[in-house]
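Some notes on the structure that comes next.
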Amino acid sequence: MPSDNYLYDDVDEEEGELEFLRESLEQMDNLAEKTTQLLKVFDIRLKNLGRIIAPIYKSTQKLTRLYDNVETTMGSLDDILLFFNVAKDEAETIRAGPDKSELLPYLDSINRLKDASDALRLLDLESASDSRREIHELLRIGLGNLSQLFSQWLKQHSGGVDPAAYSNASEIPSFPTDTVKLLSMLATYLNLVNDEVSHDLKLTKTYASIRTRHIQKSLAQFGDMCNMYIRSNNFDGPMAPPGQHGHSDASNPAEFRFCTVRNDQWYEAGTSPFAQYTVNIVKLFQAERDLIRHIMPTVISDETFLTTVDRPLEAYMNMGEKMLSFFLSAPMYEVLHALDVYGYLLENDVVLASLLTREQRQGSGMSKLVSRLQHFLGKSFTALVALLYAPFRDGRAPKQTGGVNELVHNAVTFLSYVIGYKDLLINIFLPLGDGHWKPKELLQRPGSMSHHASDPNDGLSIFQHYLRDVIDAIAYTADQGGKQMKRPTVQFVFLINNYSFLARALRDTMYSGEDDSQSLGLGDLVGRSALQRIESQIERSRKGYIATWKALMSSFPAATLSPPEKLVMFNQAFDDMVRSQKAYEIFDMDVRSMLVSDAADAIIPDYEMFLRQNPDKSPEFSRAMKYTPRDIQSKISGMLDD
């Protein structure tokens with residue numbers, strides 16, 4: 001069947017193809033095996049070739065490195081040869097000095113010298129020693145020229161300034177901005193290069209030497225003012241606590257002056273030359289610190305500032321000690337000056353301390369000066385009380401003119417000024433305690449200084465207590481002065497005059513601080529009770545004064561005398577009394593009016609009564625009647641005019 005024949009033919013054909021495929025695969029296997037064997041041979045040969053080439057490759061690398069090293073060495077040798085010639089190349093530029101308008105070329109020359117110096121130093125070749133010396137010398141010259149330029153620019157604006165003309169440090173004229181930038185660039189460069197090349201340029205000392213003179217020149221006027229003040233107001237001898245037994249006025253002229261010479265030139269706050277010295281030295285130091293921070297490198301700025309201000313600070317402290325010595329030998333009214341200085345020191349000490357190191361603050365003696373001044377002030381207020389309780393010893397007897405005693409006047413005026421420093425005194429008095437000013441010998445005296453502070457832990461209360469004690473001491477001085485008067489009339493005039501002066505000082509300063517505790521007057525601080533005690537003394541003295549006038553008519557009741565004889569005796573006594581009144585120093589118009597009124601009231605009514613009781617019109621009586629009541633009134637009214 002055709003279909004069966006067809007299937008057999010396909011099978012035969014496929015078997016033939018399979019046979020061919022098998023033969024082909026066998027040939028390919030043989031070929032692959034031969035190829036693998038060939039590759040193995042190539043691999044073996046390549047490995048052998050690698051082993052042969054490896055040493056050659058390593059030698060080639062070494063040769064390349066050697067070539068590079070030789071090339072680098074040749075370049076370095078060229079550079080080294082250039083370093084040997086740097087001194088010759090830069091000598092002219094360095095010796096000529098820098099161009100002030102263009103610094104960079106000069107700085108580049110110094111940099112090249114510095115690089116050459118560094119390189120030759122590392123080589124440490126004997127052959128380079130000459131070149132190194134030349135470079136070192138040129139560096140010294142170059143840096144020296146830059147240092148001189150630095151000094152020149154500093155000096156241009158360091159001729160002194162008047163700091164008092166400016167309210168604060170920021171207003172004090174400084175260097176132009178461009179100059180500050182140039183100085184800063186120079187200072188930074190010099191400080192850096194100086195360290196690297198080991199040259200001792202002493203940049204800090206260079207700056208300090210110039211600016212120290214600038215500060216000294218700026219402050220010289222204040223030192224001169226202090227010296228002039230001391231010379232003009234100096235007194236020989238220490239101001240020892242008054243009242244000490246055995247201490248004569250010959251050795252204490254300052255105390256004698258305060259007791260016997262009325263002071264009309266009282267210290268005004270803020271006028272102290274040393275206070276001005278203090279304010280202005282702080283301003284200058286602040287301005288200098290700011291300038292240094294803009295110019296000098298940070299690493300040396302603090303050292304530069306401290307070196308710059310060291311000598312001006314020493315001069316200031318020496319003047320402070322000199323002023324303290326002056327206060328110790330000066331009259332009591334200079335305590336006001338000392339108080340003002342003390343306030344300025346406290347106010348500026350914090351600022352000054354912030355500018356200085358701890359060692360410099362301790363070395364300057366500022367804290368010691370403040371402490372000694374505070375101690376002096378504390379003793380001075382004790383000394384015033386003691387002085388007022390021993391007022392008229394050793395030739396200090398008051399004048400027989402009935403006027404306000406110099407010690408009373410000075411003490412009252414002193415108090416009126418001292419209350420202006422109330423806040424300072426509160427801080428001084430509080431740690432000393434209530435009643436610290438009371439001498440032991442006075443505490444044993446009956447009735448003296450028996451007050452106490454309303455609050456012994458409050459500084460203001462202690463200060464008020466002190467003022468009351470001083471007022472009582474002034475009243476005691478007036479009372480003792482009255483006892484020194486040789487005639488009863490002048491005694492009572494003296495007492496009225498002095499008590500009235502004290503009362504006016506209290507009365508005129510009372511209730512002045514109702515709305516402002518900072519403006520309390522002397523009367524406000526002392527209180528009305530003190531004024532009332534003084535007014536009672538005035539009234540008692542007025543009674544005594546009136547009695548002296550009534551004594552002129554002591555002959556009127558005499559039965560053994562005729563009316564004309566009585567008038568003659570009265571006329572003589574009246575004329576003597578009026579004449580004596582003309583010698584009295586009574587400048588207070590209210591006191592004058594009081595005395596005139598008291599005298600007239602004491603005489604005229606009794607004189608008129610005498611005339612009414614004796615209507616005798618005989619010639620003897622008419623001749624004896626020298627004054628009419630109106631004449632007496634006129635004489636009394638004008639008795640104090642001279």
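Following the order of the structure tokens, first chain is A, next is B, and so on, with residues numbered from 1 inside each chain and ligands from 1 in the order they appear.
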ask   = A:Ile141: which residues within 8 Å, counting only C-alpha atoms, same-chain residues fewer than 4 positions away excluded, as a PyMOL selection string?
value = chain A and resi 94-95+137+145
Long-range neighbours of A:Gln374 as an MDAnalysis selection string, 12 Å cut-off, only C-alpha atoms, 2 positions minimum in chain = chainID A and resid 324 327 335 338:343 345:346 367:372 376:381 424:425 427:429 431:432
A:Gln537: which residues within 12 Å, counting only C-alpha atoms, same-chain residues fewer than 5 positions away excluded, as an mmCIF file with C-alpha atoms, in the first residue's frame?
```cif
data_model
loop_
_atom_site.group_PDB
_atom_site.id
_atom_site.type_symbol
_atom_site.label_atom_id
_atom_site.label_comp_id
_atom_site.auth_asym_id
_atom_site.auth_seq_id
_atom_site.Cartn_x
_atom_site.Cartn_y
_atom_site.Cartn_z
ATOM 1 C CA ASP A 472 23.236 119.318 119.756
ATOM 2 C CA ALA A 475 24.311 124.183 120.340
ATOM 3 C CA TYR A 476 26.798 123.151 123.030
ATOM 4 C CA ALA A 478 27.285 128.186 121.159
ATOM 5 C CA ASP A 479 26.527 127.786 124.847
ATOM 6 C CA GLY A 482 28.431 132.539 125.439
ATOM 7 C CA PHE A 492 23.145 137.063 125.263
ATOM 8 C CA PHE A 494 26.190 135.947 121.069
ATOM 9 C CA LEU A 495 23.743 133.245 122.093
ATOM 10 C CA ILE A 496 20.811 134.797 120.213
ATOM 11 C CA ASN A 497 22.944 135.325 117.122
ATOM 12 C CA ASN A 498 24.354 131.794 117.047
ATOM 13 C CA TYR A 499 21.150 130.010 118.012
ATOM 14 C CA SER A 500 19.239 132.013 115.408
ATOM 15 C CA LEU A 502 21.355 127.445 113.621
ATOM 16 C CA ALA A 503 17.553 127.711 113.775
ATOM 17 C CA ALA A 530 15.719 119.736 117.298
ATOM 18 C CA LEU A 531 14.436 123.070 115.972
ATOM 19 C CA GLN A 532 12.158 123.470 118.968
ATOM 20 C CA ARG A 542 16.203 136.897 124.734
ATOM 21 C CA LYS A 543 14.954 137.074 128.284
ATOM 22 C CA GLY A 544 18.513 137.510 129.466
#
```
request  = Determine, counting only C-alpha atoms, which protein, DNA and RNA residues have an atom within 7 Å of an atom of A:Ile462; residues of the same chain fewer than 2 positions away are not included. Present the result as a count of residues only.
outcome  = 11
key: Closest of A:Gln400, A:Lys486, A:Arg45, A:Leu525 to A:Ile419 - atom-to-atom distances counting only C-alpha atoms   = A:Leu525
ask   = Skipping near chain neighbours, those fewer than 6 positions away, what residues fall within 7 Å of stretch 574-590 of chain A using only C-alpha atoms, listed as number ranges by chain?
value = A: 401-403, 497, 552, 636, 639-640, 642
request  = Give me the residues within 8 Å of A:Leu407 as a VMD selection string, counting only C-alpha atoms and dropping any in the same chain fewer than 6 places off.
outcome  = chain A and resid 258 to 262 388 391
ask   = Which parts of stretch 418-516 of chain A does DSSP call helix (DSSP H, G or I) when run on the backbone here, written out as JSON, numbers by chain?
value = {"A": [418, 419, 420, 421, 422, 423, 424, 425, 426, 427, 428, 429, 430, 431, 432, 440, 441, 442, 443, 459, 460, 461, 462, 463, 464, 465, 466, 467, 468, 469, 470, 471, 472, 473, 474, 475, 476, 477, 478, 479, 480, 481, 482, 483, 488, 489, 490, 491, 492, 493, 494, 495, 496, 497, 498, 499, 500, 501, 502, 503, 504, 505, 506, 507]}
ask   = Distance atom CA of A:Gln148-atom CA of A:Ile172, one decimal place?
value =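 About the pair atom CA of A:Gln148 and atom CA of A:Ile172: they are 25.7 Å apart.
Atom CA of A:Glu608 sits 18.2 Å away from atom CA of A:Thr548.
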ask   = Near stretch 617-634 of chain A, counting only C-alpha atoms, which residues have an atom at most 7 Å away, once you skip same-chain residues fewer than 2 positions from it, shown as a VMD selection string?
value = chain A and resid 564 567 to 568 571 600 604 608 615 636 to 638
Got time to write the residues from that selection, C-alpha atoms, as an mmCIF file, in the first residue's frame?
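Here's the written file out_13.cif:
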```cif
data_model
loop_
_atom_site.group_PDB
_atom_site.id
_atom_site.type_symbol
_atom_site.label_atom_id
_atom_site.label_comp_id
_atom_site.auth_asym_id
_atom_site.auth_seq_id
_atom_site.Cartn_x
_atom_site.Cartn_y
_atom_site.Cartn_z
ATOM 1 C CA PRO A 564 17.408 164.274 138.024
ATOM 2 C CA LEU A 567 18.057 160.364 134.861
ATOM 3 C CA VAL A 568 21.759 161.206 134.832
ATOM 4 C CA ASN A 571 21.623 158.469 130.506
ATOM 5 C CA ALA A 600 12.815 149.055 123.013
ATOM 6 C CA ILE A 604 10.528 152.585 126.698
ATOM 7 C CA GLU A 608 7.586 156.559 129.980
ATOM 8 C CA PRO A 615 6.336 165.383 136.316
ATOM 9 C CA ILE A 636 17.857 151.946 119.795
ATOM 10 C CA SER A 637 16.660 151.574 116.206
ATOM 11 C CA GLY A 638 19.995 152.785 114.869
#
```
